[in-house]
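**Student:** This is the content of final14.txt (compact mmCIF, C-alpha atoms):
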# COMPACT_ATOMS: atom_id res chain seq x y z
CA MET T 1 -113.75 -112.57 -53.85
CA ALA T 2 -112.99 -112.32 -50.17
CA ASN T 3 -111.40 -109.76 -47.99
CA THR T 4 -108.29 -110.76 -46.10
CA GLN T 5 -107.08 -109.13 -42.94
CA ALA T 6 -103.49 -108.02 -43.46
CA MET T 7 -100.97 -105.32 -42.99
CA CYS T 8 -100.31 -103.90 -46.42
CA THR T 9 -96.87 -104.75 -47.75
CA SER T 10 -96.47 -101.28 -49.19
CA PHE T 11 -97.05 -99.86 -45.71
CA LYS T 12 -94.26 -101.96 -44.22
CA GLY T 13 -91.85 -100.70 -46.82
CA GLU T 14 -92.98 -97.14 -46.30
CA LEU T 15 -92.42 -97.47 -42.55
CA LEU T 16 -88.74 -98.17 -43.23
CA SER T 17 -88.60 -95.04 -45.36
CA GLY T 18 -90.40 -92.82 -42.85
CA GLY T 19 -93.54 -92.51 -44.96
CA HIS T 20 -96.08 -92.57 -42.11
CA GLN T 21 -96.24 -90.71 -38.85
CA PHE T 22 -98.87 -91.93 -36.37
CA GLY T 23 -97.31 -90.12 -33.44
CA ALA T 24 -95.90 -86.66 -32.93
CA ILE T 25 -92.32 -87.81 -32.41
CA THR T 26 -89.65 -85.13 -32.28
CA LEU T 27 -87.33 -85.41 -35.25
CA VAL T 28 -84.14 -83.77 -36.38
CA SER T 29 -84.96 -81.90 -39.58
CA ARG T 30 -84.65 -83.92 -42.77
CA THR T 31 -84.25 -80.70 -44.74
CA SER T 32 -87.48 -80.92 -46.68
CA LEU T 33 -90.93 -82.22 -45.75
CA THR T 34 -91.73 -83.21 -49.29
CA ALA T 35 -88.33 -84.54 -50.33
CA PRO T 36 -86.57 -85.45 -47.08
CA THR T 37 -82.96 -86.56 -46.96
CA LYS T 38 -81.98 -89.98 -45.67
CA ASP T 39 -80.85 -90.35 -42.09
CA SER T 40 -77.33 -91.55 -41.31
CA PHE T 41 -76.73 -94.79 -39.46
CA LYS T 42 -73.76 -96.08 -37.49
CA ALA T 43 -72.62 -99.41 -36.09
CA ALA T 44 -71.12 -99.75 -32.62
CA LEU T 45 -69.57 -102.92 -31.19
CA TYR T 46 -70.32 -104.24 -27.69
CA LEU T 47 -68.51 -106.47 -25.26
CA VAL T 48 -69.73 -109.94 -24.39
CA SER T 49 -70.42 -108.61 -20.90
CA ALA T 50 -72.82 -105.90 -22.14
CA THR T 51 -76.60 -106.16 -22.20
CA TYR T 52 -78.05 -104.78 -25.41
CA ASN T 53 -81.31 -106.20 -26.66
CA ALA T 54 -84.86 -105.36 -27.76
CA ALA T 55 -85.18 -102.98 -24.81
CA THR T 56 -82.30 -100.81 -26.09
CA THR T 57 -83.59 -97.40 -27.13
CA ALA T 58 -80.44 -95.54 -28.16
CA TYR T 59 -76.70 -95.79 -28.59
CA ASN T 60 -74.85 -95.84 -25.27
CA ALA T 61 -71.13 -96.02 -24.63
CA THR T 62 -71.61 -98.32 -21.65
CA GLY T 63 -70.26 -101.73 -22.54
CA GLU T 64 -68.94 -100.56 -25.89
CA VAL T 65 -65.60 -101.93 -27.03
CA SER T 66 -62.54 -99.75 -26.68
CA GLY T 67 -59.06 -100.01 -28.00
CA SER T 68 -56.52 -98.68 -30.43
CA GLY T 69 -58.07 -97.49 -33.67
CA TYR T 70 -61.68 -97.73 -32.48
CA SER T 71 -63.66 -94.52 -32.00
CA ALA T 72 -66.57 -94.48 -29.57
CA GLY T 73 -69.80 -94.69 -31.53
CA GLY T 74 -68.37 -97.02 -34.13
CA VAL T 75 -68.35 -96.50 -37.87
CA ALA T 76 -70.78 -95.22 -40.49
CA VAL T 77 -73.10 -97.69 -42.16
CA THR T 78 -73.25 -97.46 -45.95
CA ASN T 79 -76.85 -96.95 -47.02
CA ALA T 80 -76.93 -96.69 -50.78
CA THR T 81 -79.89 -99.03 -51.22
CA ASP T 82 -83.31 -97.84 -50.11
CA PRO T 83 -85.69 -100.14 -48.24
CA SER T 84 -87.80 -102.30 -50.51
CA THR T 85 -90.32 -105.11 -50.37
CA SER T 86 -89.97 -108.73 -51.36
CA GLY T 87 -93.12 -110.82 -51.34
CA THR T 88 -94.98 -109.49 -48.29
CA THR T 89 -91.81 -108.56 -46.38
CA ALA T 90 -90.24 -105.13 -46.13
CA ILE T 91 -86.45 -105.36 -46.15
CA TRP T 92 -83.34 -103.26 -45.70
CA THR T 93 -79.68 -104.19 -45.58
CA PRO T 94 -76.60 -101.95 -45.54
CA SER T 95 -75.20 -101.77 -49.02
CA ALA T 96 -71.61 -102.53 -47.98
CA SER T 97 -69.75 -104.48 -45.33
CA ILE T 98 -69.20 -102.76 -42.00
CA VAL T 99 -65.44 -102.54 -41.54
CA TYR T 100 -63.29 -101.53 -38.57
CA THR T 101 -59.78 -101.06 -39.90
CA THR T 102 -56.52 -101.33 -37.95
CA VAL T 103 -58.07 -101.83 -34.54
CA THR T 104 -57.04 -103.68 -31.42
CA LEU T 105 -60.05 -104.95 -29.49
CA ALA T 106 -58.56 -107.21 -26.86
CA THR T 107 -61.70 -107.85 -24.83
CA ALA T 108 -64.15 -110.23 -26.45
CA PHE T 109 -67.14 -108.66 -28.18
CA ASP T 110 -70.18 -110.31 -29.72
CA ALA T 111 -72.72 -107.70 -30.77
CA VAL T 112 -73.22 -104.73 -33.05
CA LEU T 113 -75.83 -102.03 -32.52
CA ILE T 114 -77.17 -100.31 -35.62
CA TYR T 115 -78.45 -96.87 -34.69
CA ASN T 116 -79.68 -93.67 -36.27
CA SER T 117 -77.01 -91.04 -35.77
CA THR T 118 -79.18 -88.36 -37.38
CA GLN T 119 -82.12 -88.90 -35.04
CA SER T 120 -80.54 -88.59 -31.62
CA ASN T 121 -78.74 -91.93 -31.91
CA LYS T 122 -81.97 -93.89 -31.64
CA ALA T 123 -81.51 -97.65 -31.73
CA VAL T 124 -82.50 -99.71 -34.76
CA SER T 125 -81.35 -103.27 -34.10
CA VAL T 126 -78.89 -105.44 -32.21
CA HIS T 127 -77.15 -108.30 -33.98
CA THR T 128 -75.08 -110.90 -32.20
CA PHE T 129 -72.35 -113.23 -33.44
CA GLY T 130 -69.75 -115.54 -31.99
CA SER T 131 -67.38 -113.64 -29.69
CA GLN T 132 -64.29 -112.16 -31.32
CA THR T 133 -61.11 -110.28 -30.57
CA VAL T 134 -58.94 -108.35 -33.01
CA THR T 135 -55.26 -107.50 -32.71
CA ALA T 136 -53.78 -104.73 -34.86
CA GLY T 137 -56.07 -105.89 -37.62
CA THR T 138 -59.40 -105.60 -39.35
CA PHE T 139 -62.86 -106.64 -38.22
CA THR T 140 -65.36 -107.05 -41.02
CA LEU T 141 -69.08 -107.68 -40.85
CA THR T 142 -70.25 -108.86 -44.25
CA MET T 143 -73.95 -108.31 -44.82
CA PRO T 144 -76.42 -111.03 -45.74
CA ALA T 145 -78.35 -111.08 -48.99
CA ASN T 146 -80.95 -108.33 -49.15
CA ASP T 147 -83.98 -110.56 -49.62
CA ALA T 148 -87.07 -111.60 -47.68
CA THR T 149 -85.29 -114.52 -46.05
CA ASN T 150 -81.95 -113.02 -45.17
CA ALA T 151 -82.03 -109.22 -45.08
CA LEU T 152 -80.62 -107.55 -42.00
CA ILE T 153 -83.91 -105.82 -41.22
CA ARG T 154 -87.14 -107.60 -42.11
CA LEU T 155 -90.70 -106.62 -41.37
CA ALA T 156 -92.53 -109.81 -42.23
CA MET D 144 -42.41 -108.86 -50.25
CA ALA D 145 -45.49 -107.66 -48.44
CA LEU D 146 -45.62 -105.55 -45.35
CA ILE D 147 -48.57 -105.89 -42.97
CA ASN D 148 -49.55 -103.91 -39.93
CA THR D 149 -48.86 -105.64 -36.59
CA THR D 150 -48.41 -104.76 -32.94
CA HIS D 151 -44.80 -104.06 -33.93
CA GLY D 152 -45.78 -101.79 -36.79
CA GLN D 153 -45.20 -102.75 -40.40
CA VAL D 154 -43.61 -106.19 -40.64
CA GLU D 155 -42.68 -108.33 -43.61
CA GLU D 156 -45.44 -110.94 -43.70
CA SER D 157 -43.13 -113.76 -44.75
CA THR D 158 -41.33 -113.53 -41.40
CA LEU D 159 -44.53 -114.37 -39.53
CA ALA D 160 -46.38 -117.63 -39.00
CA ARG D 161 -49.89 -117.34 -40.40
CA THR D 162 -52.85 -119.43 -39.25
CA THR D 163 -56.37 -119.35 -40.65
CA GLY D 164 -59.47 -120.80 -39.07
CA PHE D 165 -63.20 -120.72 -39.52
CA GLU D 166 -66.36 -121.39 -37.61
CA ASP D 167 -69.70 -122.23 -39.21
CA ARG D 168 -72.44 -120.98 -36.91
CA PRO D 169 -76.20 -120.93 -37.44
CA ASN D 170 -76.35 -117.20 -38.23
CA GLU D 171 -72.86 -116.46 -39.43
CA PHE D 172 -69.70 -117.85 -40.92
CA VAL D 173 -66.53 -116.62 -39.25
CA VAL D 174 -63.07 -116.55 -40.79
CA TRP D 175 -60.13 -115.48 -38.67
CA VAL D 176 -56.47 -115.05 -39.54
CA GLU D 177 -53.68 -114.85 -36.99
CA TRP D 178 -50.05 -113.90 -37.49
CA LYS D 179 -47.45 -114.84 -34.89
CA LEU D 180 -43.85 -113.82 -34.36
CA GLY D 181 -42.54 -116.80 -32.47
CA ASP D 182 -45.17 -117.38 -29.80
CA GLU D 183 -46.37 -113.78 -29.81
CA LEU D 184 -49.66 -112.92 -31.49
CA VAL D 185 -48.92 -109.78 -33.47
CA ARG D 186 -52.08 -109.53 -35.55
CA ARG D 187 -55.54 -111.06 -35.65
CA ASP D 188 -58.23 -110.28 -38.20
CA ALA D 189 -61.81 -111.52 -37.95
CA HIS D 190 -64.42 -111.56 -40.70
CA VAL D 191 -68.00 -112.31 -39.77
CA ILE D 192 -70.17 -113.15 -42.75
CA LEU D 193 -73.79 -112.84 -41.70
CA LYS D 194 -75.99 -115.49 -43.28
CA GLN D 195 -79.14 -113.70 -42.35
CA GLY D 196 -80.29 -110.88 -40.16
CA SER D 197 -80.83 -112.06 -36.64
CA VAL D 198 -83.76 -109.74 -36.19
CA VAL D 199 -87.16 -110.30 -37.71
CA ALA D 200 -90.15 -108.21 -36.72
CA ASP D 201 -93.56 -109.67 -37.43
CA ALA D 202 -96.04 -107.00 -38.38
CA LEU D 203 -99.46 -108.01 -37.10
CA VAL D 204 -102.89 -106.43 -37.34
CA GLY D 205 -105.68 -106.92 -34.85
CA GLY D 206 -109.16 -108.20 -35.64
CA PHE D 207 -112.49 -107.06 -34.27
Can you present the structure in this file as structure tokens?
**Tutor:**
Amino acid sequence: MANTQAMCTSFKGELLSGGHQFGAITLVSRTSLTAPTKDSFKAALYLVSATYNAATTAYNATGEVSGSGYSAGGVAVTNATDPSTSGTTAIWTPSASIVYTTVTLATAFDAVLIYNSTQSNKAVSVHTFGSQTVTAGTFTLTMPANDATNALIRLA
Amino acid sequence: MALINTTHGQVEESTLARTTGFEDRPNEFVVWVEWKLGDELVRRDAHVILKQGSVVADALVGGF
């Protein structure tokens, strides 16, 4: 037998579900301490000219796309599948595609910010893709497989 | 007979020229569809199919 230095896989998964609190962060109430409700998440699109990255701390309208049919702040993210673990990786992926319907986004955009709209719009992650425009149509972001290799959020 | 939304409102799709393209990128596969009325672009859809999340956080622990 030998001990092995590691971060416990269960802990990684529990982090994604808010199961540990090392700091005294201010939170919006999740209704119950013992059976808290899930937070809500949204997805906002950003122009190629914007600068959103690992240093982003919260949703901001600066550099966000604008146009017919698009509401500032973006759209709700469907979260029907709780975080889980696969191997030694904690994973989470939205349970449905993120869809912007009947929009005109004439200026090229190439990033989506996932953020927590329940907790003061705190940032979760920025995902980039090849620049796009949409004219009187639909923009769809189809999610990757929710596994240790491909999930949208992975704590490896 | 199928009506689709365009910059001119609902238009019979068969009266438009439809073009489809795709791009295979390292992190995503993109499919776009454009509809034109003559030379005028009246609708463009884009579908980005993410192959994998572009963000991976490595959880590390320190030693003594």
**Student:** Adding 8 Å on each side of the box along x, y and z that holds all listed atoms of range 134-151 of chain T, could you give its centre and edge lengths in Å to one decimal, as JSON?
**Tutor:**
{"center_x": -70.4, "center_y": -109.6, "center_z": -41.2, "size_x": 49.3, "size_y": 25.8, "size_z": 32.9}
**Student:** I need the chain D residues near chain T as a list in words; criterion: at most 7 Å, counting all atoms listed in the file.
**Tutor:**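 That gives Asn148, Thr149, Thr150, Glu171, Val185, Arg186, Arg187, Asp188, Ala189, His190, Val191, Ile192, Leu193, Lys194, Gln195, Gly196, Ser197, Val198, Val199, Ala200, Asp201, Ala202, Leu203 and Val204 of chain D for chain D.
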**Student:** Extract, using only C-alpha atoms, all DNA, RNA and protein residues at most 9 Å from range 77-83 of chain T, discarding same-chain residues fewer than 2 positions from it, and format them as a PyMOL selection string.
**Tutor:** chain T and resi 13-14+16-17+38+40-43+75+85+90-98+114
**Student:** Between CA of Ser49 in chain T and CA of His151 in chain D, what distance in Å does the model show, to one decimal?
**Tutor:** 29.1 Å
**Student:** Hey, can you check how far CA of Leu45 in chain T sits from CA of Glu166 in chain D?
**Tutor:**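 Computing it gives 19.8 Å between the two atoms.
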**Student:** Find the residues near range 25-27 of chain T: any atom within 12 Å, counting all atoms listed in the file, skip ones fewer than 6 places away on the same chain, and give them as number ranges by chain.
**Tutor:** T: 18, 33, 36, 39, 116-122
**Student:** Between CA of Val112 in chain T and CA of Tyr52 in chain T, what is the spacing in Å?
**Tutor:**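 Separation of CA of Tyr52 in chain T and CA of Val112 in chain T: 9.0 Å.
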**Student:** Take chain D from the block and save it with C-alpha atoms, as a PDB file, in the first residue's frame.
**Tutor:**
ATOM      1  CA  MET D 144     -44.521  25.700 -49.733  1.00  0.00           C
ATOM      2  CA  ALA D 145     -42.489  26.831 -46.762  1.00  0.00           C
ATOM      3  CA  LEU D 146     -42.216  30.311 -45.402  1.00  0.00           C
ATOM      4  CA  ILE D 147     -39.034  31.384 -43.622  1.00  0.00           C
ATOM      5  CA  ASN D 148     -38.179  34.510 -41.722  1.00  0.00           C
ATOM      6  CA  THR D 149     -35.916  36.953 -43.591  1.00  0.00           C
ATOM      7  CA  THR D 150     -34.965  40.616 -43.531  1.00  0.00           C
ATOM      8  CA  HIS D 151     -38.105  41.096 -45.635  1.00  0.00           C
ATOM      9  CA  GLY D 152     -40.298  39.193 -43.208  1.00  0.00           C
ATOM     10  CA  GLN D 153     -41.811  35.834 -44.078  1.00  0.00           C
ATOM     11  CA  VAL D 154     -40.774  34.766 -47.577  1.00  0.00           C
ATOM     12  CA  GLU D 155     -41.458  31.614 -49.547  1.00  0.00           C
ATOM     13  CA  GLU D 156     -38.183  29.706 -49.308  1.00  0.00           C
ATOM     14  CA  SER D 157     -38.367  28.380 -52.859  1.00  0.00           C
ATOM     15  CA  THR D 158     -37.996  31.926 -54.192  1.00  0.00           C
ATOM     16  CA  LEU D 159     -34.592  32.279 -52.536  1.00  0.00           C
ATOM     17  CA  ALA D 160     -31.170  30.924 -53.439  1.00  0.00           C
ATOM     18  CA  ARG D 161     -29.874  28.783 -50.599  1.00  0.00           C
ATOM     19  CA  THR D 162     -26.193  28.098 -49.927  1.00  0.00           C
ATOM     20  CA  THR D 163     -24.754  25.869 -47.229  1.00  0.00           C
ATOM     21  CA  GLY D 164     -21.174  25.763 -46.044  1.00  0.00           C
ATOM     22  CA  PHE D 165     -19.146  24.291 -43.241  1.00  0.00           C
ATOM     23  CA  GLU D 166     -15.857  24.769 -41.499  1.00  0.00           C
ATOM     24  CA  ASP D 167     -14.054  22.056 -39.549  1.00  0.00           C
ATOM     25  CA  ARG D 168     -12.026  23.738 -36.820  1.00  0.00           C
ATOM     26  CA  PRO D 169      -9.993  22.185 -34.009  1.00  0.00           C
ATOM     27  CA  ASN D 170     -12.599  22.894 -31.322  1.00  0.00           C
ATOM     28  CA  GLU D 171     -15.788  23.168 -33.296  1.00  0.00           C
ATOM     29  CA  PHE D 172     -17.601  22.270 -36.463  1.00  0.00           C
ATOM     30  CA  VAL D 173     -19.508  25.146 -38.033  1.00  0.00           C
ATOM     31  CA  VAL D 174     -22.427  24.850 -40.423  1.00  0.00           C
ATOM     32  CA  TRP D 175     -23.873  27.980 -41.955  1.00  0.00           C
ATOM     33  CA  VAL D 176     -26.816  28.477 -44.288  1.00  0.00           C
ATOM     34  CA  GLU D 177     -27.423  31.605 -46.333  1.00  0.00           C
ATOM     35  CA  TRP D 178     -30.500  32.608 -48.305  1.00  0.00           C
ATOM     36  CA  LYS D 179     -30.253  35.283 -50.987  1.00  0.00           C
ATOM     37  CA  LEU D 180     -32.847  37.204 -52.945  1.00  0.00           C
ATOM     38  CA  GLY D 181     -30.891  38.088 -56.043  1.00  0.00           C
ATOM     39  CA  ASP D 182     -27.608  39.414 -54.664  1.00  0.00           C
ATOM     40  CA  GLU D 183     -29.115  40.449 -51.338  1.00  0.00           C
ATOM     41  CA  LEU D 184     -28.432  38.339 -48.259  1.00  0.00           C
ATOM     42  CA  VAL D 185     -31.792  38.055 -46.542  1.00  0.00           C
ATOM     43  CA  ARG D 186     -31.014  35.399 -43.954  1.00  0.00           C
ATOM     44  CA  ARG D 187     -27.978  33.695 -42.471  1.00  0.00           C
ATOM     45  CA  ASP D 188     -28.040  30.970 -39.827  1.00  0.00           C
ATOM     46  CA  ALA D 189     -24.954  29.651 -38.074  1.00  0.00           C
ATOM     47  CA  HIS D 190     -24.645  26.465 -36.043  1.00  0.00           C
ATOM     48  CA  VAL D 191     -21.522  25.930 -33.989  1.00  0.00           C
ATOM     49  CA  ILE D 192     -21.115  22.361 -32.817  1.00  0.00           C
ATOM     50  CA  LEU D 193     -18.567  22.322 -30.022  1.00  0.00           C
ATOM     51  CA  LYS D 194     -16.332  19.262 -30.137  1.00  0.00           C
ATOM     52  CA  GLN D 195     -15.044  19.835 -26.666  1.00  0.00           C
ATOM     53  CA  GLY D 196     -15.023  22.500 -24.028  1.00  0.00           C
ATOM     54  CA  SER D 197     -12.254  24.961 -24.634  1.00  0.00           C
ATOM     55  CA  VAL D 198     -11.667  25.385 -20.939  1.00  0.00           C
ATOM     56  CA  VAL D 199      -9.961  22.838 -18.751  1.00  0.00           C
ATOM     57  CA  ALA D 200      -8.939  23.627 -15.205  1.00  0.00           C
ATOM     58  CA  ASP D 201      -6.268  21.430 -13.671  1.00  0.00           C
ATOM     59  CA  ALA D 202      -6.864  20.901  -9.993  1.00  0.00           C
ATOM     60  CA  LEU D 203      -3.507  20.619  -8.251  1.00  0.00           C
ATOM     61  CA  VAL D 204      -2.490  20.007  -4.657  1.00  0.00           C
ATOM     62  CA  GLY D 205       0.745  21.155  -3.097  1.00  0.00           C
ATOM     63  CA  GLY D 206       3.293  18.945  -1.385  1.00  0.00           C
ATOM     64  CA  PHE D 207       5.310  19.598   1.744  1.00  0.00           C
TER      65      PHE D 207
END
